[in-house]
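See below for the structure under consideration.
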Amino acid sequence: MTALQIKINNVHKVFKGSGGDVVALKGIDLEIHEGQFVCLLGPSGCGKSTLLNAIAGFSLPTTGNIVVNGKEVREPGPDRGMVFQEYALFPWMSVADNITFGLRIKKEDPKKIEAKLEELLTMLKLTEFRDRYPKDLSGGMRQRVAIARVLALDSPIMLMDEPFGALDALTRRSLQDELLKVWFEYKKTIIFVTHSIEEAIYLSDRIVVMSYRPGTVKKDITVKMPRLRDPTGPEFNALKAELSELVMSEQLRFEKAHMGITGD
Amino acid sequence: MVKDFFSRIKGIWVPLIAVIIWELLVRSGKVNPQILPAPSAVLVRWYHYVIPAEVHDPKTMSYVKWMFSGEFFGDMWASFYRVFIGCLIGTALALPLGLVMGASTKVYDYFNPLIQVLRPIPPIAYIPLSILWFGLGNAPAVFLIALGAFFPVLMNTIVGVRAVDSIYIRAARNMGANPFVMFTQVILPAATPYILSGIRIGIGTGFICMIVAEMIAVNSGLGYRILEAREYFWSDKIIAGMFSIGLLGLAIDMVVDRLNSYLLRWHRGLE
């Protein structure tokens, strides 16, 4: 067993609203070890993104705490690099400048930055797009840049908030493979939020299924299948069936609560 | 080919016909040429306005100096120089204040009431006060132009900073940006589309202020020249001067447009 890296202790998160308080997270306890690939899975409104934002330090828990590498999370930091669904690349910077942003603001040695840039451009097949602006790139390419930008930080942990949610199915699959490659190569701890059951099974070591309001850990499943996994294989499908049932029952509760009102 | 040529010069017909009617109207004697001179007379006057006044002698005079011996280039330069300096000062004052006001509600609350009171006063209304303060000459003119450019830049900068997508701020914080980096490398560039359109509006206002100021406070520049022409009943020169003003405005706008597309080459809106 590798070292414990993230410890989430009895985390509650309450959002105050005009229509009463919303309990987004209730009594979350999780231990995540170094190098694990963990998916947080659940329907809209189950608090998976809220939990990820709490780990990132964007929005701290109402009660309870999160300890990363022995230090309580109080603010965002480059030790927990985040990949956003909306890419969040700086449109005024070229691909190269986006990737090296974290290093440049730390005033790293230019030679070191250049070497790191070359390495990441090659790794993520972005070399020919080096001087382009984000507006010239497709969604898949933009997300590669966002991944490279986080890798440049050299953070042990990567947080990913539905990073492939806006991509078409084929691009999504190739980026999933790319991400696995990155994960093997750099031995990151990855916490990956998704509502796609298939994506969770394809990628992760461990799937944490969350319930709809209040967000709790409904089930914590370890996935032992060897990679690369075959999404049409029997083991894959058995797990998919099991998870579908868990997630769908939460989805129904979500739909009932919203009665035709769409959105999160 | 011929058809292609004619379709390309479509835009010339309306002004051409207008000028012909204008010319015929004046030549027929129905209009007093002192009130409305013929376009041909304007053109002749404009030619004499533009050409150098002195004979070129390479031994005693540089080419540039010779060119500027006529009125036109001197006037153009004087007017351009005032707009440039005035807008530069106005922008240099408005930009930092706008950035701080956009970023901090506290500062905004301190300054906003004063700005809301001052903003509706047209810069032209400051003319008496500016002459009282600065006397005649470039100083009051530059003051008025700076004032004209100040408010558009200020308002747009405030809006621009407030409109910065929070996702960029989150991403930058995540990568460890301190407040200084956040300001200079994230908020400022993200707000540039707004700031640049504010500067553009500011230059437009500054340009108007420049013409008015030149009519009142100085004795050079295009605004001064057309008022001077009125003193002598040179209506042809007034119109020639007006076209020169338009020409300068167009040239400035073209340069600003180029600069805009260069600075915003990353921006989606320009695709």
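Starting from 1 in every chain, residues are counted up; chains themselves are A, B, ... following the order of the structure tokens, and ligands are numbered from 1 as listed.
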Mind running chain A against chain B at 6 Å and telling me each contacting residue's nearest atom pair with the distance in Å (one decimal), counting only C-alpha atoms, chain and number ascending, as a tab-separated table?
residue	atom	partner	partner_atom	distance
A:Pro76	CA	B:Asn174	CA	5.1
A:Gly77	CA	B:Asn174	CA	5.0
A:Pro78	CA	B:Met175	CA	4.6
A:Ala88	CA	B:Tyr168	CA	5.8
A:Trp92	CA	B:Trp266	CA	5.2
A:Gly102	CA	B:Met175	CA	5.3
A:Tyr133	CA	B:Trp266	CA	5.9
Residues from last step as file, N, CA and C atoms, as a PDB file, in the first residue's frame:
ATOM      1  N   PRO A  76      -6.314  27.559  -2.533  1.00  0.00           N
ATOM      2  CA  PRO A  76      -5.838  26.829  -3.713  1.00  0.00           C
ATOM      3  C   PRO A  76      -4.317  26.873  -3.785  1.00  0.00           C
ATOM      4  N   GLY A  77      -3.725  25.890  -4.424  1.00  0.00           N
ATOM      5  CA  GLY A  77      -2.275  25.912  -4.562  1.00  0.00           C
ATOM      6  C   GLY A  77      -1.829  24.981  -5.659  1.00  0.00           C
ATOM      7  N   PRO A  78      -0.617  25.234  -6.172  1.00  0.00           N
ATOM      8  CA  PRO A  78      -0.126  24.452  -7.300  1.00  0.00           C
ATOM      9  C   PRO A  78       0.217  22.998  -6.953  1.00  0.00           C
ATOM     10  N   ALA A  88     -10.514  26.658 -19.309  1.00  0.00           N
ATOM     11  CA  ALA A  88      -9.965  27.774 -18.539  1.00  0.00           C
ATOM     12  C   ALA A  88      -8.552  28.146 -18.973  1.00  0.00           C
ATOM     13  N   TRP A  92      -5.448  34.907 -24.151  1.00  0.00           N
ATOM     14  CA  TRP A  92      -4.477  35.898 -24.639  1.00  0.00           C
ATOM     15  C   TRP A  92      -3.060  35.350 -24.650  1.00  0.00           C
ATOM     16  N   GLY A 102       2.531  28.506 -14.870  1.00  0.00           N
ATOM     17  CA  GLY A 102       2.838  28.176 -13.473  1.00  0.00           C
ATOM     18  C   GLY A 102       4.328  28.248 -13.158  1.00  0.00           C
ATOM     19  N   TYR A 133      -2.917  30.319 -30.582  1.00  0.00           N
ATOM     20  CA  TYR A 133      -3.763  30.764 -29.479  1.00  0.00           C
ATOM     21  C   TYR A 133      -4.892  29.756 -29.274  1.00  0.00           C
TER      22      TYR A 133
END
Practice problem: Determine, counting only C-alpha atoms, which protein, DNA and RNA residues have an atom within 10 Å of an atom of stretch 223-232 of chain B; residues of the same chain fewer than 2 positions away are not included. Present the result as a ChimeraX atom specification. | Solution: /B:71-72,75-76,79,208-221,234-242,245
Same residues, N, CA and C atoms, output as a PDB file, in the first residue's frame:
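Output file result-v4.pdb is given in full below:
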ATOM      1  N   GLU B  71       0.698  75.544 -44.840  1.00  0.00           N
ATOM      2  CA  GLU B  71      -0.095  75.491 -43.613  1.00  0.00           C
ATOM      3  C   GLU B  71      -0.555  74.079 -43.258  1.00  0.00           C
ATOM      4  N   PHE B  72      -0.915  73.308 -44.309  1.00  0.00           N
ATOM      5  CA  PHE B  72      -1.594  72.039 -44.085  1.00  0.00           C
ATOM      6  C   PHE B  72      -0.862  71.081 -43.138  1.00  0.00           C
ATOM      7  N   ASP B  75      -0.621  72.272 -39.602  1.00  0.00           N
ATOM      8  CA  ASP B  75      -1.900  72.168 -38.903  1.00  0.00           C
ATOM      9  C   ASP B  75      -2.213  70.725 -38.510  1.00  0.00           C
ATOM     10  N   MET B  76      -1.999  69.826 -39.487  1.00  0.00           N
ATOM     11  CA  MET B  76      -2.252  68.405 -39.223  1.00  0.00           C
ATOM     12  C   MET B  76      -1.419  67.949 -38.026  1.00  0.00           C
ATOM     13  N   SER B  79      -2.609  69.449 -34.675  1.00  0.00           N
ATOM     14  CA  SER B  79      -3.848  68.827 -34.203  1.00  0.00           C
ATOM     15  C   SER B  79      -3.600  67.397 -33.731  1.00  0.00           C
ATOM     16  N   ILE B 208     -13.073  65.511 -30.870  1.00  0.00           N
ATOM     17  CA  ILE B 208     -14.056  66.611 -30.872  1.00  0.00           C
ATOM     18  C   ILE B 208     -13.546  67.760 -29.998  1.00  0.00           C
ATOM     19  N   CYS B 209     -13.055  67.400 -28.822  1.00  0.00           N
ATOM     20  CA  CYS B 209     -12.543  68.419 -27.894  1.00  0.00           C
ATOM     21  C   CYS B 209     -11.395  69.197 -28.524  1.00  0.00           C
ATOM     22  N   MET B 210     -10.575  68.467 -29.302  1.00  0.00           N
ATOM     23  CA  MET B 210      -9.413  69.107 -29.930  1.00  0.00           C
ATOM     24  C   MET B 210      -9.876  70.219 -30.876  1.00  0.00           C
ATOM     25  N   ILE B 211     -10.853  69.931 -31.731  1.00  0.00           N
ATOM     26  CA  ILE B 211     -11.328  70.929 -32.701  1.00  0.00           C
ATOM     27  C   ILE B 211     -11.892  72.148 -31.958  1.00  0.00           C
ATOM     28  N   VAL B 212     -12.709  71.879 -30.942  1.00  0.00           N
ATOM     29  CA  VAL B 212     -13.311  72.990 -30.193  1.00  0.00           C
ATOM     30  C   VAL B 212     -12.237  73.813 -29.494  1.00  0.00           C
ATOM     31  N   ALA B 213     -11.302  73.125 -28.862  1.00  0.00           N
ATOM     32  CA  ALA B 213     -10.253  73.832 -28.126  1.00  0.00           C
ATOM     33  C   ALA B 213      -9.419  74.691 -29.066  1.00  0.00           C
ATOM     34  N   GLU B 214      -9.159  74.161 -30.265  1.00  0.00           N
ATOM     35  CA  GLU B 214      -8.345  74.916 -31.222  1.00  0.00           C
ATOM     36  C   GLU B 214      -9.063  76.158 -31.720  1.00  0.00           C
ATOM     37  N   MET B 215     -10.402  76.099 -31.712  1.00  0.00           N
ATOM     38  CA  MET B 215     -11.161  77.269 -32.144  1.00  0.00           C
ATOM     39  C   MET B 215     -11.099  78.379 -31.103  1.00  0.00           C
ATOM     40  N   ILE B 216     -10.744  78.005 -29.879  1.00  0.00           N
ATOM     41  CA  ILE B 216     -10.844  78.976 -28.792  1.00  0.00           C
ATOM     42  C   ILE B 216      -9.497  79.335 -28.176  1.00  0.00           C
ATOM     43  N   ALA B 217      -8.664  78.339 -27.959  1.00  0.00           N
ATOM     44  CA  ALA B 217      -7.524  78.588 -27.087  1.00  0.00           C
ATOM     45  C   ALA B 217      -6.175  78.746 -27.793  1.00  0.00           C
ATOM     46  N   VAL B 218      -6.067  78.309 -29.070  1.00  0.00           N
ATOM     47  CA  VAL B 218      -4.738  78.327 -29.698  1.00  0.00           C
ATOM     48  C   VAL B 218      -4.804  78.965 -31.079  1.00  0.00           C
ATOM     49  N   ASN B 219      -3.638  79.226 -31.687  1.00  0.00           N
ATOM     50  CA  ASN B 219      -3.657  79.739 -33.046  1.00  0.00           C
ATOM     51  C   ASN B 219      -2.861  78.872 -34.016  1.00  0.00           C
ATOM     52  N   SER B 220      -3.095  77.577 -33.908  1.00  0.00           N
ATOM     53  CA  SER B 220      -2.612  76.642 -34.914  1.00  0.00           C
ATOM     54  C   SER B 220      -3.543  75.443 -34.903  1.00  0.00           C
ATOM     55  N   GLY B 221      -3.381  74.601 -35.885  1.00  0.00           N
ATOM     56  CA  GLY B 221      -4.220  73.395 -35.926  1.00  0.00           C
ATOM     57  C   GLY B 221      -5.422  73.576 -36.829  1.00  0.00           C
ATOM     58  N   TRP B 234     -13.581  83.053 -46.337  1.00  0.00           N
ATOM     59  CA  TRP B 234     -13.069  82.050 -47.284  1.00  0.00           C
ATOM     60  C   TRP B 234     -13.851  80.748 -47.081  1.00  0.00           C
ATOM     61  N   SER B 235     -15.041  80.719 -47.596  1.00  0.00           N
ATOM     62  CA  SER B 235     -15.839  79.513 -47.351  1.00  0.00           C
ATOM     63  C   SER B 235     -15.221  78.274 -48.017  1.00  0.00           C
ATOM     64  N   ASP B 236     -14.535  78.493 -49.149  1.00  0.00           N
ATOM     65  CA  ASP B 236     -13.872  77.340 -49.788  1.00  0.00           C
ATOM     66  C   ASP B 236     -12.789  76.757 -48.871  1.00  0.00           C
ATOM     67  N   LYS B 237     -12.112  77.618 -48.166  1.00  0.00           N
ATOM     68  CA  LYS B 237     -11.057  77.127 -47.265  1.00  0.00           C
ATOM     69  C   LYS B 237     -11.668  76.450 -46.036  1.00  0.00           C
ATOM     70  N   ILE B 238     -12.818  76.959 -45.597  1.00  0.00           N
ATOM     71  CA  ILE B 238     -13.490  76.302 -44.471  1.00  0.00           C
ATOM     72  C   ILE B 238     -13.795  74.848 -44.835  1.00  0.00           C
ATOM     73  N   ILE B 239     -14.365  74.678 -46.024  1.00  0.00           N
ATOM     74  CA  ILE B 239     -14.734  73.322 -46.426  1.00  0.00           C
ATOM     75  C   ILE B 239     -13.493  72.457 -46.640  1.00  0.00           C
ATOM     76  N   ALA B 240     -12.457  73.044 -47.264  1.00  0.00           N
ATOM     77  CA  ALA B 240     -11.198  72.300 -47.440  1.00  0.00           C
ATOM     78  C   ALA B 240     -10.654  71.872 -46.076  1.00  0.00           C
ATOM     79  N   GLY B 241     -10.753  72.773 -45.101  1.00  0.00           N
ATOM     80  CA  GLY B 241     -10.281  72.458 -43.753  1.00  0.00           C
ATOM     81  C   GLY B 241     -11.118  71.357 -43.115  1.00  0.00           C
ATOM     82  N   MET B 242     -12.430  71.418 -43.356  1.00  0.00           N
ATOM     83  CA  MET B 242     -13.291  70.380 -42.793  1.00  0.00           C
ATOM     84  C   MET B 242     -12.933  68.998 -43.338  1.00  0.00           C
ATOM     85  N   ILE B 245      -9.932  67.786 -41.632  1.00  0.00           N
ATOM     86  CA  ILE B 245     -10.240  67.255 -40.304  1.00  0.00           C
ATOM     87  C   ILE B 245     -10.735  65.807 -40.424  1.00  0.00           C
TER      88      ILE B 245
END
**Item:** All strand (DSSP E or B) residues (DSSP, backbone) inside stretch 31-214 of chain A, as JSON, numbers by chain
**Value:** {"A": [31, 32, 33, 37, 38, 39, 40, 41, 63, 64, 65, 66, 67, 68, 71, 72, 80, 81, 82, 83, 157, 158, 159, 160, 161, 189, 190, 191, 192, 193, 194, 206, 207, 208, 209, 210]}
- Item | Non-local contacts of A:Val67 (6 Å; only C-alpha atoms; under 5 positions in same chain excluded) as an MDAnalysis selection string | chainID A and resid 6:7 72:73
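Between atom CA of B:Val83 and atom CA of B:Leu248 there is a distance of 10.6 Å.
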query: Quick one: residues within 6 Å of stretch 245-259 of chain A, only C-alpha atoms counted, chain neighbours fewer than 5 positions away excluded, as a ChimeraX atom specification?
result: /A:42-43,211-212
Worksheet item: Looking at A:Lys218, A:Gly27, A:Gly17, A:Gly35, which one is nearest to A:Lys188, with distances taken over only C-alpha atoms?
Response: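 Looking at the shortest contact to A:Lys188, the residue is A:Gly35.
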Of B:Ile9, B:Ala191, B:Val142, B:Val42, the one nearest to B:Arg82 when counting only C-alpha atoms is B:Val142
Per residue of stretch 100-122 of chain A within 7 Å of stretch 150-170 of chain A, which atom pair is closest and at what distance in Å (one decimal), using only C-alpha atoms, listed by chain and increasing number, as a Markdown table?
| residue | atom | partner | partner_atom | distance |
| --- | --- | --- | --- | --- |
| A:Thr100 | CA | A:Ala152 | CA | 6.6 |
| A:Gly102 | CA | A:Leu153 | CA | 5.8 |
| A:Leu103 | CA | A:Leu153 | CA | 6.6 |
| A:Lys116 | CA | A:Ala152 | CA | 6.9 |
Expected file contents, prior selection, N, CA, C and O atoms, as a compact mmCIF listing (two decimals), in the first residue's frame:
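That gives us part.txt:
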# COMPACT_ATOMS: atom_id res chain seq x y z
N THR A 100 3.43 27.09 -19.68
CA THR A 100 4.53 27.46 -18.78
C THR A 100 4.12 28.49 -17.73
O THR A 100 4.95 28.91 -16.93
N GLY A 102 2.53 28.51 -14.87
CA GLY A 102 2.84 28.18 -13.47
C GLY A 102 4.33 28.25 -13.16
O GLY A 102 4.73 28.62 -12.06
N LEU A 103 5.15 27.90 -14.17
CA LEU A 103 6.60 27.93 -13.95
C LEU A 103 7.14 29.36 -14.05
O LEU A 103 8.02 29.75 -13.29
N LYS A 116 11.02 21.62 -19.95
CA LYS A 116 9.74 21.07 -19.50
C LYS A 116 8.67 21.24 -20.59
O LYS A 116 7.88 20.33 -20.86
Per residue of stretch 165-207 of chain B within 12 Å of stretch 112-129 of chain B, record the nearest atom pair and its distance in Å to one decimal, counting only C-alpha atoms, with rows in chain order and ascending residue number, as a Markdown table.
| residue | atom | partner | partner_atom | distance |
| --- | --- | --- | --- | --- |
| B:Gly202 | CA | B:Pro123 | CA | 11.7 |
| B:Thr205 | CA | B:Pro123 | CA | 8.8 |
| B:Gly206 | CA | B:Pro123 | CA | 9.1 |
| B:Phe207 | CA | B:Pro123 | CA | 11.6 |
Write the residues of the selection above to a file with N, CA and C atoms, as an mmCIF file, in the first residue's frame.
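Output file again.cif is given in full below:
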data_model
loop_
_atom_site.group_PDB
_atom_site.id
_atom_site.type_symbol
_atom_site.label_atom_id
_atom_site.label_comp_id
_atom_site.auth_asym_id
_atom_site.auth_seq_id
_atom_site.Cartn_x
_atom_site.Cartn_y
_atom_site.Cartn_z
ATOM 1 N N GLY B 202 -12.764 57.128 -26.317
ATOM 2 C CA GLY B 202 -12.061 58.268 -25.729
ATOM 3 C C GLY B 202 -11.350 59.110 -26.777
ATOM 4 N N THR B 205 -13.954 61.208 -28.551
ATOM 5 C CA THR B 205 -14.346 62.376 -27.756
ATOM 6 C C THR B 205 -13.208 63.389 -27.724
ATOM 7 N N GLY B 206 -11.994 62.912 -27.559
ATOM 8 C CA GLY B 206 -10.818 63.781 -27.515
ATOM 9 C C GLY B 206 -10.657 64.557 -28.813
ATOM 10 N N PHE B 207 -10.985 63.902 -29.920
ATOM 11 C CA PHE B 207 -10.880 64.535 -31.238
ATOM 12 C C PHE B 207 -11.836 65.719 -31.345
#
Neighbour list for B:Glu23 as an MDAnalysis selection string, cut-off 12 Å, only C-alpha atoms, skip fewer than 3 positions in-chain: chainID B and resid 16:20 26:31 33 36:43
A straight line from atom CA of B:Asp253 to atom CA of B:Gly160 spans 21.6 Å
Stretch 100-104 of chain B surroundings by only C-alpha atoms, 6 Å radius, close-in-sequence under 4 positions cut, as a count of residues only: 4
Q. Which residues, written as a PyMOL selection string, have at least one atom at most 10 Å from B:Phe73, with only C-alpha atoms counted and residues fewer than 2 positions away on the same chain left out?
A. chain B and resi 49-52+64+67-71+75-79+221-222
Go ahead and save the picked residues with N, CA, C and O atoms, as a compact mmCIF listing (two decimals), in the first residue's frame.
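The resulting result-v1.txt:
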# COMPACT_ATOMS: atom_id res chain seq x y z
N TYR B 49 -3.62 75.14 -49.98
CA TYR B 49 -3.47 74.94 -48.53
C TYR B 49 -2.39 73.90 -48.25
O TYR B 49 -1.58 74.04 -47.34
N VAL B 50 -2.37 72.88 -49.13
CA VAL B 50 -1.45 71.76 -48.89
C VAL B 50 -0.02 72.06 -49.35
O VAL B 50 0.93 71.76 -48.65
N ILE B 51 0.12 72.65 -50.53
CA ILE B 51 1.49 72.78 -51.08
C ILE B 51 2.36 73.70 -50.23
O ILE B 51 1.87 74.63 -49.59
N PRO B 52 3.67 73.43 -50.23
CA PRO B 52 4.59 74.26 -49.45
C PRO B 52 4.56 75.70 -49.92
O PRO B 52 4.36 75.98 -51.10
N VAL B 64 11.78 67.99 -45.26
CA VAL B 64 10.67 68.01 -44.30
C VAL B 64 10.29 69.44 -43.96
O VAL B 64 9.12 69.80 -43.92
N MET B 67 8.36 70.92 -46.72
CA MET B 67 7.00 70.41 -46.76
C MET B 67 6.12 71.12 -45.72
O MET B 67 4.97 71.43 -45.96
N PHE B 68 6.72 71.37 -44.58
CA PHE B 68 5.96 71.99 -43.50
C PHE B 68 5.86 73.51 -43.62
O PHE B 68 5.31 74.17 -42.76
N SER B 69 6.45 74.08 -44.71
CA SER B 69 6.38 75.53 -44.85
C SER B 69 4.98 75.98 -45.25
O SER B 69 4.61 77.13 -45.04
N GLY B 70 4.17 75.05 -45.83
CA GLY B 70 2.76 75.37 -46.07
C GLY B 70 1.98 75.22 -44.78
O GLY B 70 2.53 74.82 -43.75
N GLU B 71 0.70 75.54 -44.84
CA GLU B 71 -0.09 75.49 -43.61
C GLU B 71 -0.55 74.08 -43.26
O GLU B 71 -0.59 73.70 -42.10
N ASP B 75 -0.62 72.27 -39.60
CA ASP B 75 -1.90 72.17 -38.90
C ASP B 75 -2.21 70.72 -38.51
O ASP B 75 -2.64 70.44 -37.39
N MET B 76 -2.00 69.83 -39.49
CA MET B 76 -2.25 68.41 -39.22
C MET B 76 -1.42 67.95 -38.03
O MET B 76 -1.92 67.28 -37.12
N TRP B 77 -0.15 68.28 -38.05
CA TRP B 77 0.75 67.85 -36.99
C TRP B 77 0.32 68.43 -35.65
O TRP B 77 0.26 67.72 -34.64
N ALA B 78 0.00 69.75 -35.65
CA ALA B 78 -0.39 70.40 -34.39
C ALA B 78 -1.63 69.72 -33.81
O ALA B 78 -1.69 69.41 -32.61
N SER B 79 -2.61 69.45 -34.67
CA SER B 79 -3.85 68.83 -34.20
C SER B 79 -3.60 67.40 -33.73
O SER B 79 -4.07 66.98 -32.66
N GLY B 221 -3.38 74.60 -35.88
CA GLY B 221 -4.22 73.40 -35.93
C GLY B 221 -5.42 73.58 -36.83
O GLY B 221 -5.75 74.69 -37.25
N LEU B 222 -6.07 72.48 -37.14
CA LEU B 222 -7.15 72.48 -38.13
C LEU B 222 -8.37 73.26 -37.65
O LEU B 222 -9.03 73.95 -38.42
What residues in stretch 17-253 of chain B get the DSSP label helix (DSSP H, G or I)? Please answer as a ChimeraX atom specification.
/B:17-27,39-50,63-67,71-103,105-118,123-134,138-162,166-174,179-216,222-231,235-253
(message) Please report the interatomic distance between atom CA of A:Leu4 and atom CA of A:Arg213 in Å with one decimal.
(response)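 Interatomic distance, atom CA of A:Leu4 to atom CA of A:Arg213: 28.2 Å.
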